[in-house]
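**Q** This is the structure I want to talk about, given as structure tokens.
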Amino acid sequence: MKIISLELFKVPPRWLFLKVSTDEGIAGWGEPIVEGRAETVRAAVEEMSGYLMGKDPFRIEDHFQVLYRGGFYRGGPVLTSALSGIEQALWDIKGRALGVPVYELLGGAVREKVRVYNWIGGDRPADVAESAKAQKVAGFTAVKMNATEELDYIDSPTKIDAAVARLAAVREAGGPDLGVGIDFHGRVHKSMAKTLARELEPYRPMFIEEPVLPGNDEALREVARHTTTPIALGERLYTRWDFKRVLVDGYVDIVQPDLSHAGGILETRKIAAMAEAFDVAVAPHCPLGPIALAASLQLDACTPNAIIQEQSLGIHYNQESDLLDYLVDKDVFAYQDGYVAILEGPGLGIEIDEEKVREAARTGHDWRNPVWRNTDGAVAEW
């Protein structure tokens with residue numbers, strides 16, 4: 001079996017899909033994307049595709065090594081996301097060719113179902129209590145919300161009070177057993193992050209996510225000293241080498257590698273194994289499309305320390321298309337009592353509606369994240 005083509009499809013709301021075809025008629029799908037940089041990642045995949053033409057798609061590890069290490073410059077969001085989508089598609093091909101889901105090729109299942117959470121509140125959280133009630137009625141046992149809007153290095157106590165009030169309202173609406181993840185989104189600087197983490201703690205968040213920007217390891221240590229709430233991070237870390245640093249430092253409780261950014265399925269499985277050795281849980285980041293979610297669920301199925309899965313159904317980003325729109329079988333992600341069953345189909349376990357993808361790609365998208373500013377006009381973290 002040989003790789004004969006790679007096709008890319010930029011589809012709404014903000015995704016990039018990849019189809020890798022072989023000379024035996026078996027094709028696999030991947031999702032190589034950096035949100036807001038789809039064309040940049042497209043170019044990276046196209047550059048990498050020349051190496052893959054005519055190659056055996058089963059040699060996934062070797063292709064990863066060549067594409068990652070074969071260039072003098074490596075890592076980072078663009079190159080690693082391009083590689084991630086390619087790697088997902090190769091696993092999809094291999095699983096389909098052998099007639100098994102990917103998790104069977106990675107040691108087999110360790111669970112029958114995976115806990116999932118849903119988003120509430122959007123970028124500027126509001127009406128979160130009612131949203132939490134609605135998600136609980138829908139069967140979800142956990143939700144995630146942004147902690148706050150933009151915060152300056154030193155900002156008003158009123159903004160802290162508002163963030164605390166929102167979490168308090170969600171806790172009251174959802175009850176003591178509702179898991180509530182609080183995403184700081186890297187938009188909070190050290191001084192305010194310490195205060196915010198301490199003030200939110202009485203309402204028992206499931207975790208606080210990305211309390212400070214990646215790279216601010218000394219600030220993360222300060223935040224950790226001010227809370228006992230589990231700290232989650234990792235959506236902007238790439239490959240096991242980025243995760244090694246935070247695991248050794250010992251301040252993270254949950255790592256959140258994104259299978260469309262961190263290096264793909266096997267690379268994330270290696271990250272998860274490293275985390276397990278440090279007694280750290282895994283909760284893959286995935287506010288993306290159905291291919292990325294399917295890849296994440298394949299990882300969750302065979303990873304002992306995977307605890308919960310993000311997914312994008314109804315997320316505030318999905319305004320033109322949603323998670324299920326590009327699937328032939330829209331019941332494959334059937335959520336029940338806050339869980340989704342592991343995917344039993346071959347490869348990634350989903351069937352992409354290629355006609356729908358090709359139609360949507362004719363429209364495409366030009367999604368960009370917003371640019372926020374503080375009241376004085378200086379750029380703020382989004």
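Scheme for the structure tokens: letters A, B, ... for chains in order shown; per-chain residue numbers from 1; ligand numbers from 1 in order shown.
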Residues at most 10 Å from Asp161 (chain A), counting only C-alpha atoms, excluding those fewer than 6 positions away in the same chain, as a list in words?
**A**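 Skipping anything fewer than 6 positions along the chain leaves Leu196, Glu199 and Leu200 of chain A.
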**Q** Only C-alpha atoms, please: the residues just picked out, written as a PDB file, in the first residue's frame.
**A**
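Wrote again-v9.pdb, looks like this:
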ATOM      1  CA  LEU A 196      -8.609  34.712  41.348  1.00  0.00           C
ATOM      2  CA  GLU A 199     -11.207  33.453  45.620  1.00  0.00           C
ATOM      3  CA  LEU A 200     -12.684  30.708  43.416  1.00  0.00           C
TER       4      LEU A 200
END
**Q** Quick check for you: according to DSSP on this backbone, which residues of region 265-360 of chain A are classed as helix (DSSP H, G or I)? Reply as a VMD selection string.
**A** chain A and resid 265 to 277 290 to 301 354 to 360
**Q** When DSSP is applied to the backbone of this structure, which of region 234-378 of chain A are assigned strand (DSSP E or B)? Write them out as a PyMOL selection string.
**A** chain A and resi 254-255+258+281-282+285+306+309-310+327+335-336+339-341+347+352+372-373
**Q** For the residues in the current selection, export N, CA and C atoms as an mmCIF file, in the first residue's frame.
**A**
data_model
loop_
_atom_site.group_PDB
_atom_site.id
_atom_site.type_symbol
_atom_site.label_atom_id
_atom_site.label_comp_id
_atom_site.auth_asym_id
_atom_site.auth_seq_id
_atom_site.Cartn_x
_atom_site.Cartn_y
_atom_site.Cartn_z
ATOM 1 N N ILE A 254 -3.358 18.072 35.850
ATOM 2 C CA ILE A 254 -4.027 17.530 34.672
ATOM 3 C C ILE A 254 -3.331 18.112 33.445
ATOM 4 N N VAL A 255 -2.815 17.253 32.559
ATOM 5 C CA VAL A 255 -2.272 17.763 31.302
ATOM 6 C C VAL A 255 -3.349 17.684 30.232
ATOM 7 N N ASP A 258 -3.488 18.653 23.009
ATOM 8 C CA ASP A 258 -4.471 18.664 21.930
ATOM 9 C C ASP A 258 -3.953 17.767 20.820
ATOM 10 N N ALA A 281 -3.121 13.354 35.721
ATOM 11 C CA ALA A 281 -4.225 12.938 34.861
ATOM 12 C C ALA A 281 -4.107 13.590 33.484
ATOM 13 N N VAL A 282 -4.901 13.064 32.540
ATOM 14 C CA VAL A 282 -4.950 13.576 31.170
ATOM 15 C C VAL A 282 -6.396 13.916 30.824
ATOM 16 N N HIS A 285 -7.458 18.359 25.220
ATOM 17 C CA HIS A 285 -8.072 19.596 24.748
ATOM 18 C C HIS A 285 -8.685 19.343 23.381
ATOM 19 N N ALA A 306 -6.612 8.963 31.561
ATOM 20 C CA ALA A 306 -7.537 9.903 30.923
ATOM 21 C C ALA A 306 -8.798 10.001 31.776
ATOM 22 N N GLN A 309 -13.144 14.276 28.659
ATOM 23 C CA GLN A 309 -12.866 14.718 27.298
ATOM 24 C C GLN A 309 -13.645 15.984 26.959
ATOM 25 N N GLU A 310 -12.926 17.003 26.510
ATOM 26 C CA GLU A 310 -13.571 18.191 25.957
ATOM 27 C C GLU A 310 -14.155 17.862 24.589
ATOM 28 N N LEU A 327 -20.537 14.436 9.507
ATOM 29 C CA LEU A 327 -20.529 13.002 9.767
ATOM 30 C C LEU A 327 -21.662 12.302 9.036
ATOM 31 N N TYR A 335 -24.132 11.164 23.489
ATOM 32 C CA TYR A 335 -23.802 11.394 24.888
ATOM 33 C C TYR A 335 -24.940 10.901 25.768
ATOM 34 N N GLN A 336 -24.605 10.114 26.787
ATOM 35 C CA GLN A 336 -25.613 9.574 27.684
ATOM 36 C C GLN A 336 -25.083 9.615 29.102
ATOM 37 N N TYR A 339 -21.494 10.695 29.467
ATOM 38 C CA TYR A 339 -20.440 9.859 28.885
ATOM 39 C C TYR A 339 -20.712 9.640 27.401
ATOM 40 N N VAL A 340 -19.676 9.232 26.682
ATOM 41 C CA VAL A 340 -19.812 8.760 25.311
ATOM 42 C C VAL A 340 -19.123 7.398 25.229
ATOM 43 N N ALA A 341 -19.754 6.464 24.543
ATOM 44 C CA ALA A 341 -19.161 5.136 24.395
ATOM 45 C C ALA A 341 -17.909 5.223 23.521
ATOM 46 N N GLY A 347 -10.356 2.244 12.292
ATOM 47 C CA GLY A 347 -9.626 3.507 12.209
ATOM 48 C C GLY A 347 -10.037 4.451 13.308
ATOM 49 N N ILE A 352 -16.690 10.224 7.520
ATOM 50 C CA ILE A 352 -16.837 11.608 7.105
ATOM 51 C C ILE A 352 -17.742 11.689 5.873
ATOM 52 N N TRP A 372 -8.483 41.778 21.837
ATOM 53 C CA TRP A 372 -9.035 42.503 22.979
ATOM 54 C C TRP A 372 -8.068 43.576 23.452
ATOM 55 N N ARG A 373 -8.628 44.617 24.023
ATOM 56 C CA ARG A 373 -7.814 45.688 24.585
ATOM 57 C C ARG A 373 -8.321 46.063 25.971
#
**Q** Rank A:Pro12, A:Gly30, A:Gly364, A:Gly338 by their smallest atom-to-atom distance to Ser81 (chain A), using only C-alpha atoms, and report the top residue only.
**A**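 Closest to Ser81 (chain A) of all the choices is A:Gly30.
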**Q** Pick out the closest residue to Leu266 (chain A) from this set: A:Ile4, A:Val102, A:Ala197, A:Val246. Count only C-alpha atoms.
**A**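 Looking only at the distances to Leu266 (chain A), the closest residue turns out to be A:Val102.
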**Q** So that I can check the surroundings of region 31-48 of chain A, please list as an mmCIF file with N, CA and C atoms, in the first residue's frame every protein, DNA and RNA residue that reaches within 8 Å of it, counting only C-alpha atoms and ignoring chain neighbours fewer than 5 positions away.
**A**
data_model
loop_
_atom_site.group_PDB
_atom_site.id
_atom_site.type_symbol
_atom_site.label_atom_id
_atom_site.label_comp_id
_atom_site.auth_asym_id
_atom_site.auth_seq_id
_atom_site.Cartn_x
_atom_site.Cartn_y
_atom_site.Cartn_z
ATOM 1 N N LEU A 8 -6.635 18.840 1.159
ATOM 2 C CA LEU A 8 -6.986 19.668 2.308
ATOM 3 C C LEU A 8 -8.291 20.407 2.040
ATOM 4 N N LYS A 10 -10.700 23.402 3.838
ATOM 5 C CA LYS A 10 -10.955 24.402 4.877
ATOM 6 C C LYS A 10 -12.457 24.598 4.982
ATOM 7 N N ARG A 14 -14.250 26.788 11.582
ATOM 8 C CA ARG A 14 -12.864 27.272 11.653
ATOM 9 C C ARG A 14 -11.871 26.114 11.534
ATOM 10 N N TRP A 15 -12.241 25.089 10.764
ATOM 11 C CA TRP A 15 -11.495 23.837 10.756
ATOM 12 C C TRP A 15 -10.764 23.620 9.441
ATOM 13 N N LEU A 16 -9.777 22.731 9.483
ATOM 14 C CA LEU A 16 -9.069 22.273 8.295
ATOM 15 C C LEU A 16 -9.013 20.754 8.348
ATOM 16 N N PHE A 17 -9.583 20.097 7.346
ATOM 17 C CA PHE A 17 -9.594 18.642 7.276
ATOM 18 C C PHE A 17 -8.587 18.174 6.228
ATOM 19 N N LEU A 18 -8.027 17.004 6.449
ATOM 20 C CA LEU A 18 -7.053 16.402 5.546
ATOM 21 C C LEU A 18 -7.507 14.997 5.183
ATOM 22 N N LEU A 67 9.423 13.646 9.613
ATOM 23 C CA LEU A 67 8.780 14.946 9.470
ATOM 24 C C LEU A 67 9.068 15.875 10.648
ATOM 25 N N PRO A 77 3.512 25.528 17.114
ATOM 26 C CA PRO A 77 2.130 25.230 16.756
ATOM 27 C C PRO A 77 1.919 24.858 15.305
ATOM 28 N N VAL A 78 2.566 25.527 14.372
ATOM 29 C CA VAL A 78 2.268 25.303 12.957
ATOM 30 C C VAL A 78 2.817 23.962 12.488
ATOM 31 N N LEU A 79 4.107 23.737 12.668
ATOM 32 C CA LEU A 79 4.710 22.499 12.180
ATOM 33 C C LEU A 79 4.131 21.281 12.884
ATOM 34 N N SER A 81 1.186 20.990 14.394
ATOM 35 C CA SER A 81 -0.223 20.784 14.049
ATOM 36 C C SER A 81 -0.351 20.148 12.667
ATOM 37 N N ALA A 82 0.478 20.589 11.729
ATOM 38 C CA ALA A 82 0.477 19.955 10.410
ATOM 39 C C ALA A 82 0.819 18.476 10.532
ATOM 40 N N LEU A 83 1.838 18.181 11.305
ATOM 41 C CA LEU A 83 2.243 16.797 11.530
ATOM 42 C C LEU A 83 1.150 16.008 12.239
ATOM 43 N N SER A 84 0.449 16.646 13.166
ATOM 44 C CA SER A 84 -0.615 15.969 13.922
ATOM 45 C C SER A 84 -1.726 15.484 13.010
ATOM 46 N N GLY A 85 -2.169 16.346 12.103
ATOM 47 C CA GLY A 85 -3.243 15.946 11.205
ATOM 48 C C GLY A 85 -2.832 14.824 10.271
ATOM 49 N N ILE A 86 -1.593 14.878 9.782
ATOM 50 C CA ILE A 86 -1.082 13.795 8.938
ATOM 51 C C ILE A 86 -1.060 12.487 9.711
ATOM 52 N N GLN A 88 -2.797 11.564 12.369
ATOM 53 C CA GLN A 88 -4.153 11.054 12.592
ATOM 54 C C GLN A 88 -4.661 10.298 11.362
ATOM 55 N N SER A 260 -4.622 17.574 17.812
ATOM 56 C CA SER A 260 -4.385 18.260 16.547
ATOM 57 C C SER A 260 -3.238 19.267 16.641
ATOM 58 N N HIS A 261 -2.641 19.403 17.804
ATOM 59 C CA HIS A 261 -1.532 20.344 17.987
ATOM 60 C C HIS A 261 -0.267 19.687 18.543
ATOM 61 N N GLY A 289 -13.129 19.986 15.548
ATOM 62 C CA GLY A 289 -14.108 19.253 14.771
ATOM 63 C C GLY A 289 -14.180 17.779 15.079
ATOM 64 N N ILE A 291 -13.110 15.052 13.555
ATOM 65 C CA ILE A 291 -11.943 14.195 13.364
ATOM 66 C C ILE A 291 -11.028 14.292 14.580
ATOM 67 N N ALA A 292 -10.790 15.511 15.046
ATOM 68 C CA ALA A 292 -9.974 15.695 16.251
ATOM 69 C C ALA A 292 -10.610 15.019 17.453
ATOM 70 N N ASP A 366 -12.695 32.259 7.132
ATOM 71 C CA ASP A 366 -11.548 33.120 7.426
ATOM 72 C C ASP A 366 -11.578 33.477 8.904
ATOM 73 N N TRP A 367 -11.733 32.444 9.739
ATOM 74 C CA TRP A 367 -11.899 32.684 11.180
ATOM 75 C C TRP A 367 -10.632 33.273 11.789
ATOM 76 N N ARG A 368 -10.829 34.293 12.619
ATOM 77 C CA ARG A 368 -9.743 34.889 13.387
ATOM 78 C C ARG A 368 -10.227 35.087 14.821
ATOM 79 N N ASN A 369 -9.326 34.882 15.773
ATOM 80 C CA ASN A 369 -9.732 35.176 17.138
ATOM 81 C C ASN A 369 -9.811 36.693 17.327
#
**Q** Go ahead and compute the interatomic distance for CA of Val20 (chain A) and CA of Ser5 (chain A), in Å to one decimal.
**A**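 Rounded to one decimal, the two atoms are 5.8 Å apart.
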**Q** Find, counting only C-alpha atoms, the residue in A:Thr239, A:Leu323, A:Pro230, A:Tyr68 that gets nearest to Val280 (chain A).
**A** A:Pro230
**Q** Can you pull out the residues contacting Pro370 (chain A)? Cut-off 10 Å, using only C-alpha atoms, and skip same-chain residues under 5 positions away; I want them as a ChimeraX atom specification.
**A** /A:36,123,381-382
**Q** Have a look at CA of His316 (chain A) and CA of Ile120 (chain A) and let me know their distance in Å, one decimal.
**A**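 CA of Ile120 (chain A) lies 8.3 Å from CA of His316 (chain A).
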